[in-house]
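Asks: First the structure, then my questions, so here it is.
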There are 2 protein chains.
Amino acid sequence: MSTETMKRELYQSIAKVAQALASGNRLQLLEFMAQGERSVDALAAMTGMTVANASQHLQALRRAGVVAARKDGQRVYYRVAGDDVVRLYHGLRVVAESRLAEVRQLVNEFLGDRGALEPVLAEELLARAKKGLVTVLDVRPREEYEAGHLPGAVNIPIDRLESELARLPKKREVVAYCRGPYCLMSFEAVAALRKRGWKARRLEDGFPEWKAAGLPIESSS
Amino acid sequence: MSTETMKRELYQSIAKVAQALASGNRLQLLEFMAQGERSVDALAAMTGMTVANASQHLQALRRAGVVAARKDGQRVYYRVAGDDVVRLYHGLRVVAESRLAEVRQLVNEFLGDRGALEPVLAEELLARAKKGLVTVLDVRPREEYEAGHLPGAVNIPIDRLESELARLPKKREVVAYCRGPYCLMSFEAVAALRKRGWKARRLEDGFPEWKAAGLPIESSS
DNA sequence: CTAGTATTCAAGCGATCAATTGAATAATAG
DNA sequence: CTATTATTCAATTGATCGCTTGAATACTAG
């Protein structure tokens, strides 16, 4: 094979990975899978797609190497293939948000005034948590917390936050996080806590980004 | 607009960026532009595409926000929109190489035994260059060197390397770099230098990746 | 102004893609 | 074995993509 054709094939093959990410539906699936492995029908239900359609998109993602599958009983569980994939997706979001006006506008509308709650950066949180200056709050469902969470994080799912407020010391600042930058749960948590007199902020990104950045994590198993 | 439709539109918009990268031809264009701005016909000539086709692909990239254009006289010069785009492209390559067997195989065939020359990592080079332990050699054409290069790098374009060997002290190890991981010039340089008794290795990636990583650069203007 | 060059536009054709539908396969419970 | 559930496969439709061709536009040199 000539160097020329080989180079063309090489680029074409790399493009296949981008092609796999070139669909809103597949990006949504990817974002859910970034929380942990999920069955096909769970993913179909979460995204509002038909099962057959979700299955086909998942297979497209698998052909591109960005997700992997595991069969257990009659269910097939899909997961992201590795942290490099989460980082790639994150990079895609960064470029889209910084370069496309329509995305910036959609994010603003979507997050509304909530965007005003200035977020805590990962490094900052890590430093302050080590010194015991903040309470780290994970507001995701229990299963997701158990599959992996920030070191020392307290888990209070968002719908139980009101009833379990007592678990959070009022002296220290609370930093809440959830699934990712477009996940609203941590916004709600911060709003609820502030209304009741806590000092509270949210982590800039969610658990998948933290993990993909190579920062330390814990899991309860 | 409902939260649901908004979320769907948001993901669809982010997917547009991936869609722009989902073509071997456009990735090739992007890689050339990562060296510096280029006119449409220069890019068409470098990639072997027709001018009209290159123009259309460049416009697709521009609509996705990943490249920008500047008109000067009768020429239009395109360039990558920012370092975040170079990092995104790099992330895409990393995922493709680690997850797709066909890409791994193509890279191996393409680079051949040259892959055996174990590369120097960016951080390592930075540390050793600061201590004056290595000669940094840029083998790209002069214009690309002048548009930006590693701190203290000596520029000897690959086709003039043989005649200008005298400029390289033989005591110190030489670390050569060029356009990127799929650019063969630095491989050739290392081979030529070793044959003549130099200690020589190559930098893992090229200039665009170095710059996009936020490492220090110089330019002669 | 005219000729020449660089780029973009517009139309057309074959290939590929996204989603739906209905059927086929695989695993489990009874 | 049969019924049920989870997933995949296959066929179809309309939409989009990639490339080519030929013309239109924008700029410069003379």
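Letters A, B, ... mark the chains of the structure tokens in the order given; residue numbers begin at 1 per chain; ligand numbers begin at 1, in order shown.
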Quick one: pick out all alpha helix (DSSP H) residues within stretch 82-146 of chain A from a backbone DSSP run and write them as a PyMOL selection string.
Replies: chain A and resi 83-99+101-111+122-130+142-146
Asks: Within 10 Å of chain C, which residues belong to chain A? Use only C-alpha atoms (C1' of nucleotides) and report them as a list in words.
Replies: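 Here is what falls inside 10 Å: Ser23, Met49, Thr50, Ala52, Asn53, Gln56, His57, Asp72, Gly73, Gln74 and Arg75 of chain A.
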Asks: Set the cut-off to 9 Å and count only C-alpha atoms (C1' of nucleotides): what are the residues of chain D that reach chain A? Output as a ChimeraX atom specification.
Replies: /D:5-8
Asks: The selected residues should be written to file as a PDB file, in the first residue's frame (atoms: C-alpha atoms (C1' of nucleotides)).
Replies:
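What follows is the written file result-v9.pdb:
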```
ATOM      1  C1'  DT D   5     -38.499 -10.387  28.760  1.00  0.00           C
ATOM      2  C1'  DA D   6     -34.221  -8.239  26.768  1.00  0.00           C
ATOM      3  C1'  DT D   7     -31.777  -7.479  22.874  1.00  0.00           C
ATOM      4  C1'  DT D   8     -30.617  -7.665  18.116  1.00  0.00           C
TER       5       DT D   8
END
```
Asks: Using only C-alpha atoms, which of the listed residues (B:Arg38, B:Arg63, B:Arg167, B:Arg172) sits closest to chain A?
Replies: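 Checking each of B:Arg38, B:Arg63, B:Arg167, B:Arg172 against chain A, counting only C-alpha atoms, the winner is B:Arg63.
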Asks: Do you have the atom CA of B:Leu203-atom CA of B:Ser163 distance handy?
Replies: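 Atom CA of B:Ser163 lies at a distance of 22.5 Å from atom CA of B:Leu203.
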Asks: Sort by chain and increasing residue number a table of all residues of chain A within 9 Å of chain B, each with its closest pair of atoms and their distance in Å to one decimal, counting only C-alpha atoms, and write it as a Markdown table.
Replies:
```
| residue | atom | partner | partner_atom | distance |
| --- | --- | --- | --- | --- |
| A:Thr3 | CA | B:Phe110 | CA | 7.1 |
| A:Met6 | CA | B:Phe110 | CA | 6.9 |
| A:Lys7 | CA | B:Phe110 | CA | 7.6 |
| A:Arg8 | CA | B:Gly24 | CA | 6.7 |
| A:Glu9 | CA | B:Gly24 | CA | 7.7 |
| A:Leu10 | CA | B:Leu106 | CA | 6.2 |
| A:Tyr11 | CA | B:Gly24 | CA | 4.5 |
| A:Gln12 | CA | B:Gly24 | CA | 4.1 |
| A:Ser13 | CA | B:Val103 | CA | 6.3 |
| A:Ile14 | CA | B:Ala96 | CA | 5.5 |
| A:Ala15 | CA | B:Ala22 | CA | 4.5 |
| A:Lys16 | CA | B:Ala22 | CA | 6.3 |
| A:Val17 | CA | B:Ala96 | CA | 6.3 |
| A:Ala18 | CA | B:Ala22 | CA | 4.8 |
| A:Gln19 | CA | B:Ala22 | CA | 4.6 |
| A:Ala20 | CA | B:Ala22 | CA | 8.2 |
| A:Leu21 | CA | B:Ala18 | CA | 5.8 |
| A:Ala22 | CA | B:Ala15 | CA | 4.6 |
| A:Ser23 | CA | B:Ala15 | CA | 5.1 |
| A:Gly24 | CA | B:Gln12 | CA | 4.1 |
| A:Asn25 | CA | B:Tyr11 | CA | 7.4 |
| A:Arg26 | CA | B:Ala15 | CA | 8.8 |
| A:Leu27 | CA | B:Tyr11 | CA | 6.5 |
| A:Gln28 | CA | B:Tyr11 | CA | 6.9 |
| A:Arg63 | CA | B:Leu100 | CA | 8.5 |
| A:Ala64 | CA | B:Leu100 | CA | 7.0 |
| A:Gly65 | CA | B:Arg99 | CA | 5.0 |
| A:Val66 | CA | B:Arg99 | CA | 7.0 |
| A:Ala81 | CA | B:Arg99 | CA | 8.0 |
| A:Gly82 | CA | B:Val95 | CA | 8.9 |
| A:Asp84 | CA | B:Val95 | CA | 6.2 |
| A:Val85 | CA | B:Val95 | CA | 6.4 |
| A:Arg87 | CA | B:Gly91 | CA | 7.3 |
| A:Leu88 | CA | B:Gly91 | CA | 5.3 |
| A:Tyr89 | CA | B:Leu88 | CA | 8.8 |
| A:His90 | CA | B:Leu88 | CA | 8.9 |
| A:Gly91 | CA | B:Leu88 | CA | 5.3 |
| A:Leu92 | CA | B:Leu88 | CA | 6.4 |
| A:Arg93 | CA | B:Ile14 | CA | 6.3 |
| A:Val94 | CA | B:Asp84 | CA | 7.4 |
| A:Val95 | CA | B:Asp84 | CA | 6.2 |
| A:Ala96 | CA | B:Ile14 | CA | 5.5 |
| A:Glu97 | CA | B:Ile14 | CA | 8.0 |
| A:Ser98 | CA | B:Gly65 | CA | 8.7 |
| A:Arg99 | CA | B:Gly65 | CA | 5.0 |
| A:Leu100 | CA | B:Gly65 | CA | 5.9 |
| A:Glu102 | CA | B:Ser13 | CA | 7.5 |
| A:Val103 | CA | B:Leu10 | CA | 6.3 |
| A:Leu106 | CA | B:Leu10 | CA | 6.2 |
| A:Val107 | CA | B:Leu10 | CA | 7.3 |
| A:Glu109 | CA | B:Met6 | CA | 8.5 |
| A:Phe110 | CA | B:Met6 | CA | 6.9 |
| A:Tyr182 | CA | B:Lys7 | CA | 8.7 |
```
Asks: Put those residues in a file: C-alpha atoms, as an mmCIF file, in the first residue's frame.
Replies:
```cif
data_model
loop_
_atom_site.group_PDB
_atom_site.id
_atom_site.type_symbol
_atom_site.label_atom_id
_atom_site.label_comp_id
_atom_site.auth_asym_id
_atom_site.auth_seq_id
_atom_site.Cartn_x
_atom_site.Cartn_y
_atom_site.Cartn_z
ATOM 1 C CA THR A 3 2.107 5.897 1.875
ATOM 2 C CA MET A 6 -2.288 4.540 3.964
ATOM 3 C CA LYS A 7 -2.365 8.059 5.297
ATOM 4 C CA ARG A 8 -5.824 8.574 3.841
ATOM 5 C CA GLU A 9 -7.090 5.375 5.444
ATOM 6 C CA LEU A 10 -5.535 6.351 8.745
ATOM 7 C CA TYR A 11 -7.362 9.664 8.842
ATOM 8 C CA GLN A 12 -10.543 8.019 7.662
ATOM 9 C CA SER A 13 -10.338 5.540 10.520
ATOM 10 C CA ILE A 14 -9.761 8.246 13.098
ATOM 11 C CA ALA A 15 -12.739 10.076 11.630
ATOM 12 C CA LYS A 16 -14.892 7.067 12.487
ATOM 13 C CA VAL A 17 -14.530 7.887 16.164
ATOM 14 C CA ALA A 18 -15.742 11.419 15.518
ATOM 15 C CA GLN A 19 -18.553 10.034 13.396
ATOM 16 C CA ALA A 20 -19.694 7.947 16.340
ATOM 17 C CA LEU A 21 -19.948 11.077 18.476
ATOM 18 C CA ALA A 22 -21.734 13.013 15.735
ATOM 19 C CA SER A 23 -25.253 12.462 17.026
ATOM 20 C CA GLY A 24 -27.096 14.096 19.881
ATOM 21 C CA ASN A 25 -28.720 10.816 20.818
ATOM 22 C CA ARG A 26 -25.396 9.028 21.055
ATOM 23 C CA LEU A 27 -23.888 11.826 23.134
ATOM 24 C CA GLN A 28 -26.794 11.549 25.544
ATOM 25 C CA ARG A 63 -17.943 -0.341 16.582
ATOM 26 C CA ALA A 64 -16.094 2.947 17.093
ATOM 27 C CA GLY A 65 -14.504 1.565 20.238
ATOM 28 C CA VAL A 66 -15.878 4.198 22.585
ATOM 29 C CA ALA A 81 -14.592 2.114 27.153
ATOM 30 C CA GLY A 82 -12.240 4.233 29.267
ATOM 31 C CA ASP A 84 -9.864 8.764 27.529
ATOM 32 C CA VAL A 85 -13.353 8.640 26.039
ATOM 33 C CA ARG A 87 -11.958 13.258 28.324
ATOM 34 C CA LEU A 88 -12.667 13.321 24.589
ATOM 35 C CA TYR A 89 -16.337 14.023 25.235
ATOM 36 C CA HIS A 90 -15.364 16.738 27.667
ATOM 37 C CA GLY A 91 -13.078 18.313 25.062
ATOM 38 C CA LEU A 92 -15.919 18.247 22.578
ATOM 39 C CA ARG A 93 -18.164 20.098 25.011
ATOM 40 C CA VAL A 94 -15.468 22.669 25.729
ATOM 41 C CA VAL A 95 -14.985 23.437 22.048
ATOM 42 C CA ALA A 96 -18.733 23.551 21.388
ATOM 43 C CA GLU A 97 -19.351 25.904 24.293
ATOM 44 C CA SER A 98 -16.495 28.230 23.488
ATOM 45 C CA ARG A 99 -16.891 28.293 19.708
ATOM 46 C CA LEU A 100 -20.586 27.957 18.914
ATOM 47 C CA GLU A 102 -25.905 28.661 19.693
ATOM 48 C CA VAL A 103 -24.472 26.290 22.294
ATOM 49 C CA LEU A 106 -28.653 27.068 24.931
ATOM 50 C CA VAL A 107 -26.484 26.457 27.994
ATOM 51 C CA GLU A 109 -31.127 29.279 28.816
ATOM 52 C CA PHE A 110 -30.914 25.784 30.157
ATOM 53 C CA TYR A 182 -25.621 19.848 32.448
#
```
Asks: Would you pick out the contacts of stretch 142-151 of chain B at 8 Å or less, using only C-alpha atoms (C1' of nucleotides), so that residues sharing its chain but fewer than 6 positions from it are not included, and give the list as a list in words?
Replies: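 Surrounding residues, per the criterion: Gln35, Gly36, Val136, Pro157, Phe207, Pro216, Ile217, Glu218, Ser219, Ser220 and Ser221 of chain B.
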Asks: Work out how far apart atom CA of B:Lys199 and atom CA of B:Glu31 are and give it in Å to one decimal.
Replies: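 According to the coordinates, atom CA of B:Lys199 and atom CA of B:Glu31 are separated by 29.4 Å.
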Asks: Report, in Å to a single decimal, how far apart atom C1' of D:DT13 and atom CA of A:Ala60 are.
Replies: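 These two atoms are separated by 20.2 Å.
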